[in-house]
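> To be precise about what I am sending: the file is called query-v3.cif and holds mmCIF, C-alpha atoms.
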data_upload
loop_
_atom_site.label_atom_id
_atom_site.label_comp_id
_atom_site.auth_asym_id
_atom_site.auth_seq_id
_atom_site.Cartn_x
_atom_site.Cartn_y
_atom_site.Cartn_z
CA MET A 1 -68.69 37.30 145.34
CA SER A 2 -66.53 39.73 147.31
CA ALA A 3 -66.52 39.33 151.07
CA ASP A 4 -67.06 42.27 153.39
CA PRO A 5 -63.63 43.33 154.80
CA GLU A 6 -64.78 42.96 158.40
CA GLU A 7 -66.29 39.54 157.72
CA LEU A 8 -63.18 38.40 155.85
CA LEU A 9 -60.73 39.48 158.56
CA GLY A 10 -62.88 37.81 161.20
CA ASP A 11 -62.53 34.40 159.53
CA PRO A 12 -58.99 32.91 159.53
CA ARG A 13 -59.97 30.57 156.70
CA LEU A 14 -61.02 33.46 154.46
CA VAL A 15 -57.88 35.39 155.40
CA GLU A 16 -55.72 32.46 154.34
CA GLN A 17 -57.56 32.15 151.03
CA ALA A 18 -57.12 35.87 150.31
CA ASP A 19 -53.45 35.95 151.37
CA HIS A 20 -51.70 35.61 148.02
CA GLY A 21 -48.25 34.14 148.34
CA GLY A 22 -48.53 33.27 152.04
CA THR A 23 -47.37 36.74 153.07
CA LEU A 24 -48.64 36.41 156.64
CA ARG A 25 -46.36 33.42 157.15
CA LEU A 26 -43.45 35.45 155.79
CA VAL A 27 -44.14 38.22 158.31
CA ALA A 28 -44.47 35.73 161.15
CA MET A 29 -40.90 34.58 160.36
CA GLY A 30 -39.48 38.02 161.21
CA GLY A 31 -37.86 36.77 164.41
CA ALA A 32 -36.20 33.91 162.54
CA ARG A 33 -34.87 36.33 159.90
CA ILE A 34 -33.34 38.52 162.60
CA ARG A 35 -31.64 35.52 164.20
CA ARG A 36 -30.29 34.21 160.90
CA ALA A 37 -28.95 37.61 159.85
CA ALA A 38 -27.37 38.14 163.28
CA ALA A 39 -25.43 34.87 162.83
CA LEU A 40 -23.67 36.26 159.73
CA ARG A 41 -20.21 36.11 161.32
CA GLU A 42 -20.61 32.44 162.19
CA LEU A 43 -22.14 31.48 158.85
CA ASP A 44 -19.78 33.41 156.57
CA PRO A 45 -16.05 33.54 157.42
CA ALA A 46 -15.45 36.11 154.66
CA ALA A 47 -18.02 38.44 156.22
CA ASP A 48 -16.42 37.98 159.62
CA GLU A 49 -13.03 38.88 158.17
CA ALA A 50 -14.48 41.99 156.51
CA LEU A 51 -16.04 43.13 159.80
CA ARG A 52 -12.78 42.57 161.66
CA ALA A 53 -10.90 44.64 159.07
CA LEU A 54 -13.49 47.40 159.40
CA ALA A 55 -13.09 47.42 163.18
CA ALA A 56 -9.31 47.74 162.84
CA GLU A 57 -9.73 50.96 160.84
CA GLY A 58 -11.47 52.74 163.70
CA ARG A 59 -14.52 54.98 163.90
CA PRO A 60 -15.32 57.11 160.82
CA ARG A 61 -15.90 60.85 160.77
CA ALA A 62 -19.47 60.35 159.46
CA LEU A 63 -21.78 57.57 158.35
CA VAL A 64 -23.48 57.78 154.95
CA LEU A 65 -26.23 55.24 154.13
CA LEU A 66 -26.98 54.71 150.44
CA GLY A 67 -30.42 53.33 149.69
CA TYR A 68 -34.01 54.09 148.85
CA GLY A 69 -37.21 52.16 149.32
CA THR A 70 -36.34 49.47 151.85
CA GLY A 71 -32.81 50.88 151.96
CA ALA A 72 -34.21 54.21 153.13
CA THR A 73 -36.22 52.35 155.79
CA VAL A 74 -32.97 50.75 156.95
CA ALA A 75 -31.40 54.22 157.17
CA GLY A 76 -34.31 55.45 159.29
CA LEU A 77 -34.04 52.38 161.48
CA VAL A 78 -30.30 52.96 162.03
CA ALA A 79 -30.92 56.60 162.95
CA ALA A 80 -33.69 55.55 165.35
CA VAL A 81 -31.52 52.91 167.02
CA ALA A 82 -28.61 55.36 167.32
CA GLY A 83 -30.90 58.08 168.65
CA PRO A 84 -30.00 61.71 169.13
CA GLY A 85 -26.85 60.73 171.01
CA ALA A 86 -25.17 59.13 167.98
CA ASN A 87 -21.40 59.56 168.17
CA VAL A 88 -21.05 60.43 164.46
CA PRO A 89 -23.34 62.25 162.02
CA ILE A 90 -25.65 59.89 160.11
CA GLN A 91 -26.97 60.86 156.68
CA SER A 92 -29.20 58.95 154.27
CA VAL A 93 -28.50 59.50 150.56
CA PRO A 94 -30.70 58.03 147.80
CA GLY A 95 -28.14 58.63 145.01
CA PRO A 96 -27.06 59.05 142.30
CA SER A 97 -24.95 61.97 143.55
CA LEU A 98 -23.10 62.38 146.84
CA PRO A 99 -22.84 65.53 148.94
CA GLY A 100 -19.57 67.33 148.28
CA TRP A 101 -18.26 66.96 151.83
CA ILE A 102 -18.14 63.14 151.78
CA GLY A 103 -14.58 61.87 151.56
CA SER A 104 -11.96 59.39 152.68
CA LEU A 105 -12.66 59.87 156.41
CA ASP A 106 -16.27 58.73 156.04
CA LEU A 107 -17.94 55.31 155.99
CA VAL A 108 -20.38 54.69 153.14
CA VAL A 109 -22.75 51.75 153.60
CA VAL A 110 -25.04 50.49 150.84
CA ALA A 111 -28.30 48.84 151.93
CA SER A 112 -30.01 47.23 148.93
CA THR A 113 -32.57 44.43 148.84
CA THR A 114 -32.23 43.89 145.07
CA GLY A 115 -28.84 45.34 144.16
CA ARG A 116 -30.28 46.67 140.89
CA SER A 117 -30.59 50.42 141.44
CA PRO A 118 -28.50 52.42 138.94
CA GLU A 119 -28.72 55.46 141.25
CA ILE A 120 -27.14 53.57 144.13
CA ALA A 121 -24.54 52.04 141.80
CA ALA A 122 -23.56 55.51 140.59
CA ALA A 123 -23.27 56.83 144.16
CA LEU A 124 -21.18 53.82 145.21
CA THR A 125 -18.86 54.31 142.24
CA GLU A 126 -18.36 57.94 143.24
CA ALA A 127 -17.74 56.99 146.87
CA VAL A 128 -15.04 54.52 145.81
CA ARG A 129 -13.47 57.17 143.56
CA ARG A 130 -13.28 59.59 146.49
CA GLY A 131 -11.51 57.02 148.65
CA CYS A 132 -14.34 56.46 151.13
CA ARG A 133 -14.48 53.33 153.24
CA CYS A 134 -17.31 51.39 151.57
CA VAL A 135 -19.37 48.39 152.67
CA VAL A 136 -22.16 46.88 150.58
CA VAL A 137 -25.05 44.77 151.89
CA ALA A 138 -26.78 43.34 148.81
CA PRO A 139 -27.30 40.09 146.89
CA PRO A 140 -23.80 39.03 145.75
CA ALA A 141 -24.88 38.17 142.20
CA SER A 142 -26.66 41.50 141.67
CA PRO A 143 -25.13 44.39 139.68
CA ILE A 144 -24.29 46.27 142.89
CA GLY A 145 -22.88 43.10 144.45
CA ARG A 146 -20.63 42.59 141.43
CA LEU A 147 -19.63 46.26 141.52
CA ALA A 148 -18.55 45.86 145.13
CA ALA A 149 -16.54 42.75 144.26
CA ASP A 150 -14.81 44.58 141.40
CA SER A 151 -13.92 47.59 143.54
CA ARG A 152 -12.33 47.84 146.97
CA ALA A 153 -15.71 47.85 148.74
CA ALA A 154 -16.38 45.11 151.28
CA LEU A 155 -19.38 42.93 150.41
CA LEU A 156 -21.63 41.37 153.03
CA PRO A 157 -24.19 39.03 151.47
CA MET A 158 -27.82 39.68 152.22
CA ALA A 159 -29.12 36.97 154.49
CA ASP A 160 -32.18 35.92 152.47
CA GLU A 161 -32.58 36.35 148.73
CA ALA A 162 -35.53 33.96 148.44
CA ALA A 163 -38.08 36.23 150.13
CA PRO A 164 -40.06 38.89 148.22
CA VAL A 165 -38.29 42.24 148.10
CA TRP A 166 -40.66 43.91 150.59
CA ALA A 167 -40.02 41.11 153.13
CA ARG A 168 -36.21 41.47 153.12
CA LEU A 169 -35.99 44.39 155.53
CA TRP A 170 -34.33 42.52 158.41
CA SER A 171 -32.14 40.52 156.05
CA VAL A 172 -30.49 43.82 155.08
CA ALA A 173 -30.94 45.85 158.27
CA VAL A 174 -29.19 43.44 160.64
CA PRO A 175 -25.99 43.14 158.54
CA VAL A 176 -25.91 46.95 158.31
CA LEU A 177 -26.18 47.16 162.11
CA LEU A 178 -23.32 44.63 162.40
CA VAL A 179 -21.24 46.90 160.18
CA LEU A 180 -21.93 49.90 162.40
CA GLU A 181 -21.09 47.93 165.53
CA ALA A 182 -17.75 46.91 163.99
CA ALA A 183 -17.03 50.50 162.97
CA GLY A 184 -17.68 51.81 166.47
CA VAL A 185 -20.73 53.83 165.42
CA LEU A 186 -23.21 51.78 167.50
CA PRO A 187 -22.85 49.74 170.68
CA ALA A 188 -23.54 46.00 170.50
CA GLN A 189 -27.21 45.28 169.93
CA SER A 190 -29.33 42.54 171.49
CA TYR A 191 -30.56 40.73 168.39
CA GLU A 192 -32.07 37.87 170.37
CA ALA A 193 -34.23 40.34 172.30
CA ALA A 194 -35.29 41.96 169.04
CA ALA A 195 -36.14 38.56 167.57
CA ALA A 196 -38.16 37.75 170.68
CA ALA A 197 -40.11 41.02 170.24
CA ALA A 198 -40.87 40.03 166.64
CA ASP A 199 -42.00 36.60 167.85
CA ASP A 200 -44.28 38.22 170.44
CA ALA A 201 -45.80 40.37 167.69
CA ALA A 202 -46.37 37.29 165.53
CA VAL A 203 -48.39 35.74 168.35
CA ARG A 204 -50.41 38.86 169.14
CA PHE A 205 -51.19 39.69 165.49
CA ARG A 206 -51.76 36.13 164.23
CA PRO A 207 -54.68 35.41 161.85
CA SER A 208 -56.63 33.41 164.45
CA GLN A 209 -56.71 36.38 166.82
CA GLU A 210 -60.08 38.18 166.77
CA THR A 211 -60.10 41.64 165.21
CA PHE A 212 -61.15 43.43 168.41
CA VAL A 213 -57.98 42.20 170.17
CA ASN A 214 -55.73 42.28 167.10
CA PRO A 215 -54.46 45.83 166.36
CA ALA A 216 -53.01 44.77 162.99
CA LYS A 217 -56.43 43.61 161.77
CA GLU A 218 -58.09 46.69 163.22
CA ILE A 219 -55.64 48.99 161.40
CA ALA A 220 -56.20 47.07 158.16
CA LEU A 221 -59.95 47.42 158.54
CA ARG A 222 -59.63 51.18 159.11
CA CYS A 223 -57.46 51.48 155.99
CA ALA A 224 -59.98 49.47 153.98
CA GLU A 225 -62.93 51.65 155.04
CA HIS A 226 -61.45 55.13 155.54
CA PRO A 227 -58.68 57.45 154.51
CA VAL A 228 -56.15 56.93 157.32
CA ALA A 229 -53.57 59.12 159.03
CA VAL A 230 -50.82 57.30 160.92
CA TRP A 231 -49.17 59.46 163.56
CA ALA A 232 -46.02 58.54 165.44
CA GLY A 233 -44.47 59.52 168.74
CA GLY A 234 -40.77 58.62 168.68
CA LEU A 235 -38.10 57.87 166.08
CA VAL A 236 -38.79 54.14 166.01
CA ALA A 237 -42.54 54.71 165.74
CA MET A 238 -41.92 57.00 162.75
CA VAL A 239 -40.01 54.23 160.97
CA ALA A 240 -43.01 51.93 161.52
CA ALA A 241 -45.45 54.63 160.33
CA ASN A 242 -43.44 55.06 157.12
CA ARG A 243 -43.38 51.30 156.68
CA LEU A 244 -47.15 51.03 157.11
CA ALA A 245 -47.77 53.78 154.56
CA ASP A 246 -45.42 52.13 152.05
CA LEU A 247 -47.01 48.70 152.44
CA ALA A 248 -50.57 50.04 152.24
CA ALA A 249 -49.66 51.52 148.85
CA LEU A 250 -47.55 48.60 147.64
CA ARG A 251 -49.67 45.71 148.81
CA ALA A 252 -53.17 47.19 148.53
CA GLY A 253 -52.99 50.41 146.51
CA ARG A 254 -54.33 52.47 149.44
CA PRO A 255 -52.96 55.93 150.35
CA VAL A 256 -52.03 56.56 153.98
CA LEU A 257 -50.89 59.86 155.45
CA HIS A 258 -48.14 59.72 158.03
CA ALA A 259 -46.42 62.23 160.28
CA ALA A 260 -44.59 62.40 163.59
CA LEU A 261 -44.45 64.62 166.61
CA PRO A 262 -43.69 67.49 166.81
CA ASP A 263 -44.53 68.12 163.12
CA LEU A 264 -48.17 67.14 163.70
CA GLY A 265 -48.72 70.59 165.20
CA ARG A 266 -47.78 72.22 161.90
CA GLY A 267 -50.37 70.64 159.65
CA GLN A 268 -52.05 67.29 160.06
CA LEU A 269 -53.75 68.14 163.35
CA GLY A 270 -55.99 70.25 161.14
CA LEU A 271 -57.75 67.00 160.25
CA LEU A 272 -59.42 67.20 163.66
CA ASP A 273 -61.13 70.46 162.68
CA GLY A 274 -62.32 69.39 159.22
CA PRO A 275 -65.59 67.75 158.18
CA ALA A 276 -64.63 64.63 160.15
CA ALA A 277 -64.83 66.43 163.49
CA ALA A 278 -67.54 64.82 165.58
CA ASP A 279 -70.19 66.78 167.41
CA THR A 280 -68.84 66.63 170.94
CA ALA A 281 -72.27 67.54 172.27
CA ASP A 282 -73.38 63.97 171.51
CA LEU A 283 -72.09 62.26 174.65
CA PHE A 284 -73.24 58.83 173.49
CA TYR A 285 -71.60 58.82 170.07
CA ASP A 286 -69.11 55.96 169.55
CA PRO A 287 -67.49 55.79 166.11
CA ASP A 288 -66.79 52.06 166.45
CA VAL A 289 -70.44 51.30 167.27
CA ASP A 290 -72.38 54.01 165.43
CA GLY A 291 -70.12 54.20 162.39
CA PRO A 292 -68.28 57.24 161.03
CA ARG A 293 -70.05 60.55 160.71
CA GLY A 294 -70.40 61.47 157.08
CA GLY A 295 -69.53 57.95 155.87
CA GLY A 296 -66.27 56.29 154.91
CA ALA A 297 -64.86 59.46 153.35
CA ASN A 298 -63.95 60.73 156.81
CA PRO A 299 -60.51 59.82 158.15
CA ALA A 300 -59.58 57.32 160.79
CA PHE A 301 -56.39 57.52 162.82
CA VAL A 302 -53.60 55.21 163.94
CA LEU A 303 -51.30 56.35 166.74
CA LEU A 304 -47.98 54.51 167.14
CA ALA A 305 -46.13 55.26 170.35
CA GLU A 306 -43.09 54.22 172.35
CA GLU A 307 -43.62 53.98 176.08
CA GLY A 308 -41.91 56.80 177.95
CA VAL A 309 -40.43 58.42 174.82
CA ASP A 310 -42.70 61.38 174.01
CA PRO A 311 -45.37 62.49 176.53
CA ARG A 312 -47.06 64.58 173.82
CA THR A 313 -48.39 61.33 172.35
CA SER A 314 -50.94 61.07 175.18
CA VAL A 315 -52.07 64.64 174.45
CA VAL A 316 -52.73 63.77 170.80
CA GLU A 317 -54.54 60.58 171.82
CA ALA A 318 -56.79 62.54 174.19
CA MET A 319 -57.58 65.12 171.49
CA LEU A 320 -58.58 62.40 169.01
CA THR A 321 -60.75 60.73 171.63
CA ASP A 322 -62.38 64.04 172.59
CA HIS A 323 -63.27 64.64 168.94
CA GLY A 324 -64.93 61.22 168.72
CA LEU A 325 -62.75 60.05 165.82
CA PRO A 326 -61.99 56.40 164.96
CA LEU A 327 -58.63 55.61 166.59
CA THR A 328 -56.29 52.67 167.06
CA THR A 329 -53.38 53.20 169.45
CA VAL A 330 -50.42 50.80 169.72
CA THR A 331 -47.63 51.43 172.22
CA ALA A 332 -44.36 49.53 172.10
CA GLN A 333 -43.26 48.79 175.66
CA GLN A 334 -39.92 47.11 174.94
CA PRO A 335 -36.96 48.72 176.75
CA ARG A 336 -34.56 49.24 173.80
CA PRO A 337 -35.05 50.87 170.39
CA LEU A 338 -34.20 47.80 168.28
CA GLU A 339 -36.72 45.70 170.19
CA ARG A 340 -39.42 48.36 169.77
CA ALA A 341 -38.58 48.52 166.08
CA ALA A 342 -38.98 44.76 165.68
CA TYR A 343 -42.40 44.91 167.36
CA LEU A 344 -43.80 47.96 165.55
CA ILE A 345 -42.42 46.97 162.14
CA ALA A 346 -44.08 43.56 162.58
CA LEU A 347 -47.32 45.40 163.33
CA ALA A 348 -46.96 47.44 160.12
CA ASP A 349 -46.14 44.32 158.08
CA PHE A 350 -49.07 42.33 159.44
CA ALA A 351 -51.42 45.28 158.89
CA GLY A 352 -50.24 45.62 155.28
CA CYS A 353 -50.87 41.92 154.64
CA TYR A 354 -54.31 41.99 156.26
CA LEU A 355 -55.20 45.08 154.25
CA ALA A 356 -54.23 43.39 150.99
CA ALA A 357 -56.43 40.44 151.97
CA ALA A 358 -59.32 42.65 153.09
CA VAL A 359 -59.50 44.56 149.80
CA GLN A 360 -58.66 41.36 147.91
CA ALA A 361 -55.72 42.92 146.11
CA GLY A 362 -54.18 40.69 143.48
CA PRO A 363 -50.64 39.27 143.62
CA ASP A 364 -49.51 41.68 140.86
CA GLN A 365 -49.51 44.79 143.06
CA GLY A 366 -46.34 46.76 142.41
CA ARG A 367 -46.22 46.39 138.64
CA SER A 368 -46.14 50.19 138.29
CA ILE A 369 -42.95 50.26 140.36
CA GLU A 370 -41.33 47.87 137.91
CA GLU A 371 -42.60 49.94 134.99
CA TYR A 372 -41.02 53.02 136.56
CA ARG A 373 -37.68 51.23 136.91
CA VAL A 374 -37.76 50.13 133.28
CA ARG A 375 -38.67 53.58 131.99
CA THR A 376 -36.08 55.43 134.07
CA ALA A 377 -33.36 52.96 133.02
CA GLN A 378 -33.88 53.77 129.32
#
Would it be possible to restate this file's structure as structure tokens?

Amino acid sequence: MSADPEELLGDPRLVEQADHGGTLRLVAMGGARIRRAAALRELDPAADEALRALAAEGRPRALVLLGYGTGATVAGLVAAVAGPGANVPIQSVPGPSLPGWIGSLDLVVVASTTGRSPEIAAALTEAVRRGCRCVVVAPPASPIGRLAADSRAALLPMADEAAPVWARLWSVAVPVLLVLEAAGVLPAQSYEAAAAAADDAAVRFRPSQETFVNPAKEIALRCAEHPVAVWAGGLVAMVAANRLADLAALRAGRPVLHAALPDLGRGQLGLLDGPAAADTADLFYDPDVDGPRGGGANPAFVLLAEEGVDPRTSVVEAMLTDHGLPLTTVTAQQPRPLERAAYLIALADFAGCYLAAAVQAGPDQGRSIEEYRVRTAQ
């Protein structure tokens, strides 16, 4: 007999039973993954030598990040950490083609959790042909890893090949950040502080924490019972919103809208004026107590914010509250972008795992992605 999502998430024992593959434990190890990946220089002398050689070549004209899926998330994370004051242009390219302007003065970095994408392999081959400086972060035994070894591209091994693909984000992202530090594109990052932020998130969002004080469970419950729109204020928050939408689809088969300020004002704010808009004349209406007006077909909202980054976030939060709509707000208060990213990405990962448990999704979620890869490779 299927358990009610709210009842299931309120019982740590039921959550554990519904958590196929121990995914919540994997997410809780985010801080450890950051620390292990940050120790790449100490653990791998060849990687240290490659980073030293990259530093000796000086800063590139532009940075091009090749990747899609998790690789695209890494690209967004790099752009968020660099911020608008980045000292070189940063462009994400999903392959298989490269923009015509990319050449020998540019640094091309591949971020791949599987190393199997033919599109990324084709783009890397073209980058090598054009004489670009190329660095690959991927499993060494993968097709892209072997391609890097056979060309003049530097290969940095991904820190953890044992984890499921969706859980390898930090195992790829941290080596990419080390590459950009060596190339002079980014200043040195505080990986220990980022790992500590991930550890803090693991404590706050743990399975034994009650739903009413656990934003990850609350977000999962909203996604299980409503269509959900995740809105972000800040570059880091947008990365986390994208991540949450991806995991809701991948882990639980649930669609989630996502958008960021200022683009909210061009479309998705219209959700406040649709059938879901509450009657503001009812001063005593509380969506969390009285339930949604019009049933579960009406949307709920998640607002991800970064403290002090975008004051418009508080305006959006007030508008949602004034309309009486179901809302969960999470604000990252860490001082630096990488730390905020570690915290908000952990929130998204925990929420995705809780959602999969709440809707009792099977362990075979994602088979359509594999079918797509097989069909497009033919």
> Please report the interatomic distance between atom CA of Ala196 of chain A and atom CA of Arg25 of chain A in Å with one decimal.
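Taking atom CA of Ala196 of chain A and atom CA of Arg25 of chain A, their separation equals 16.4 Å.
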> Go through A:Ala127, A:Leu51, A:Ala198, A:Ala149 one by one, measure the shortest atom-to-atom distance of each to Leu180 of chain A using all atoms listed in the file, and give the residue with the smallest value.
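Comparing A:Ala127, A:Leu51, A:Ala198, A:Ala149 against Leu180 of chain A, the winner is A:Leu51.
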> Could you check how far atom CA of Ala86 of chain A sits from atom CA of Leu65 of chain A, in Å to one decimal?
14.4 Å
> Give me, please, the distance in Å between atom CA of Val78 of chain A and atom CA of Thr328 of chain A, quoted to one decimal.
26.5 Å
> Within 12 Å of Ala259 of chain A, counting only C-alpha atoms, which residues qualify if same-chain residues fewer than 2 places away don't, as a PyMOL selection string?
chain A and resi 228-235+237-245+256-257+261-269+301-304
> Any chance you could export the current selection's C-alpha atoms as a compact mmCIF listing (two decimals), in the coordinates of the input?

# COMPACT_ATOMS: atom_id res chain seq x y z
CA VAL A 228 -56.15 56.93 157.32
CA ALA A 229 -53.57 59.12 159.03
CA VAL A 230 -50.82 57.30 160.92
CA TRP A 231 -49.17 59.46 163.56
CA ALA A 232 -46.02 58.54 165.44
CA GLY A 233 -44.47 59.52 168.74
CA GLY A 234 -40.77 58.62 168.68
CA LEU A 235 -38.10 57.87 166.08
CA ALA A 237 -42.54 54.71 165.74
CA MET A 238 -41.92 57.00 162.75
CA VAL A 239 -40.01 54.23 160.97
CA ALA A 240 -43.01 51.93 161.52
CA ALA A 241 -45.45 54.63 160.33
CA ASN A 242 -43.44 55.06 157.12
CA ARG A 243 -43.38 51.30 156.68
CA LEU A 244 -47.15 51.03 157.11
CA ALA A 245 -47.77 53.78 154.56
CA VAL A 256 -52.03 56.56 153.98
CA LEU A 257 -50.89 59.86 155.45
CA LEU A 261 -44.45 64.62 166.61
CA PRO A 262 -43.69 67.49 166.81
CA ASP A 263 -44.53 68.12 163.12
CA LEU A 264 -48.17 67.14 163.70
CA GLY A 265 -48.72 70.59 165.20
CA ARG A 266 -47.78 72.22 161.90
CA GLY A 267 -50.37 70.64 159.65
CA GLN A 268 -52.05 67.29 160.06
CA LEU A 269 -53.75 68.14 163.35
CA PHE A 301 -56.39 57.52 162.82
CA VAL A 302 -53.60 55.21 163.94
CA LEU A 303 -51.30 56.35 166.74
CA LEU A 304 -47.98 54.51 167.14
> Name the residues in contact with Ala193 of chain A at a cut-off of 10 Å, using all atoms listed in the file, excluding same-chain residues fewer than 6 positions from it; report them as a list in words.
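My reading of the contact set: Gly31, Ile34, Arg35, Asp199, Gln334, Pro335, Arg336, Leu338, Glu339, Arg340 and Ala342 of chain A.
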> Check the smallest atom-to-atom distance from each of A:Pro89, A:Glu6, A:Pro326, A:Ala37 to Tyr191 of chain A using all atoms listed in the file, then report the winner.
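Ranked by minimum distance to Tyr191 of chain A, first place goes to A:Ala37.
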> Hey, what comes out of the PyMOL selection byres ((chain A and resi 358) around 7) on this file? Could you write it as a PyMOL selection string?
chain A and resi 5+8-9+224+354-357+359-360
> Applied to the shown file, which residues does the PyMOL selection byres ((chain A and resi 320) around 12) return, written as a VMD selection string?
chain A and resid 229 231 269 to 273 276 to 278 280 287 299 to 303 313 to 319 321 to 329
> Measuring between all atoms listed in the file, which one of A:Ala260, A:Ile120, A:Ala3, A:Ala50 shows the shortest distance to Ala154 of chain A?
A:Ala50
> What's around Gly103 of chain A at 8 Å? Count all atoms listed in the file, leave out sequence neighbours fewer than 6 positions away in its own chain, and write the answer as a list of chain:residue names.
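Result of the neighbour search: A:Ala127, A:Arg130, A:Gly131, A:Cys132.
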> Excluding Val109 of chain A and any residue of its chain fewer than 6 positions from it, enumerate the residues within 12 Å of it, using all atoms listed in the file, and give them as a PyMOL selection string.
chain A and resi 54+60+62-67+71-72+74-75+78+90-94+120-121+123-124+127-128+132-138+148+153-156+172-173+175-180+183
> My list of candidates is A:Arg36, A:Leu43, A:Ile144, A:Gly95. Which is closest to Asp160 of chain A when distances are computed with only C-alpha atoms?
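Of A:Arg36, A:Leu43, A:Ile144, A:Gly95, the one nearest Asp160 of chain A, counting only C-alpha atoms, is A:Arg36.
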> Restricting the calculation to all atoms listed in the file: of A:Pro164, A:Ser368, A:Pro99, A:Pro255, which residue gets closest to Thr23 of chain A?
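The shortest atom-to-atom distance to Thr23 of chain A comes from A:Pro164.
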> Nearest residue to Ser151 of chain A out of A:Glu210, A:Asp106, A:Glu126, A:Asp48, using only C-alpha atoms?
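Smallest separation from Ser151 of chain A among the options: A:Glu126.
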> Pull out every residue that the PyMOL selection byres ((chain A and resi 28) around 9) matches in the shown coordinates and put them as a list of chain:residue names.
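In the shown coordinates, the PyMOL selection byres ((chain A and resi 28) around 9) covers A:Thr23, A:Leu24, A:Arg25, A:Leu26, A:Val27, A:Met29, A:Gly30, A:Gly31, A:Ala32, A:Ala198, A:Asp199, A:Ala201, A:Ala202, A:Val203, A:Phe205, A:Arg206, A:Ala346, A:Phe350.
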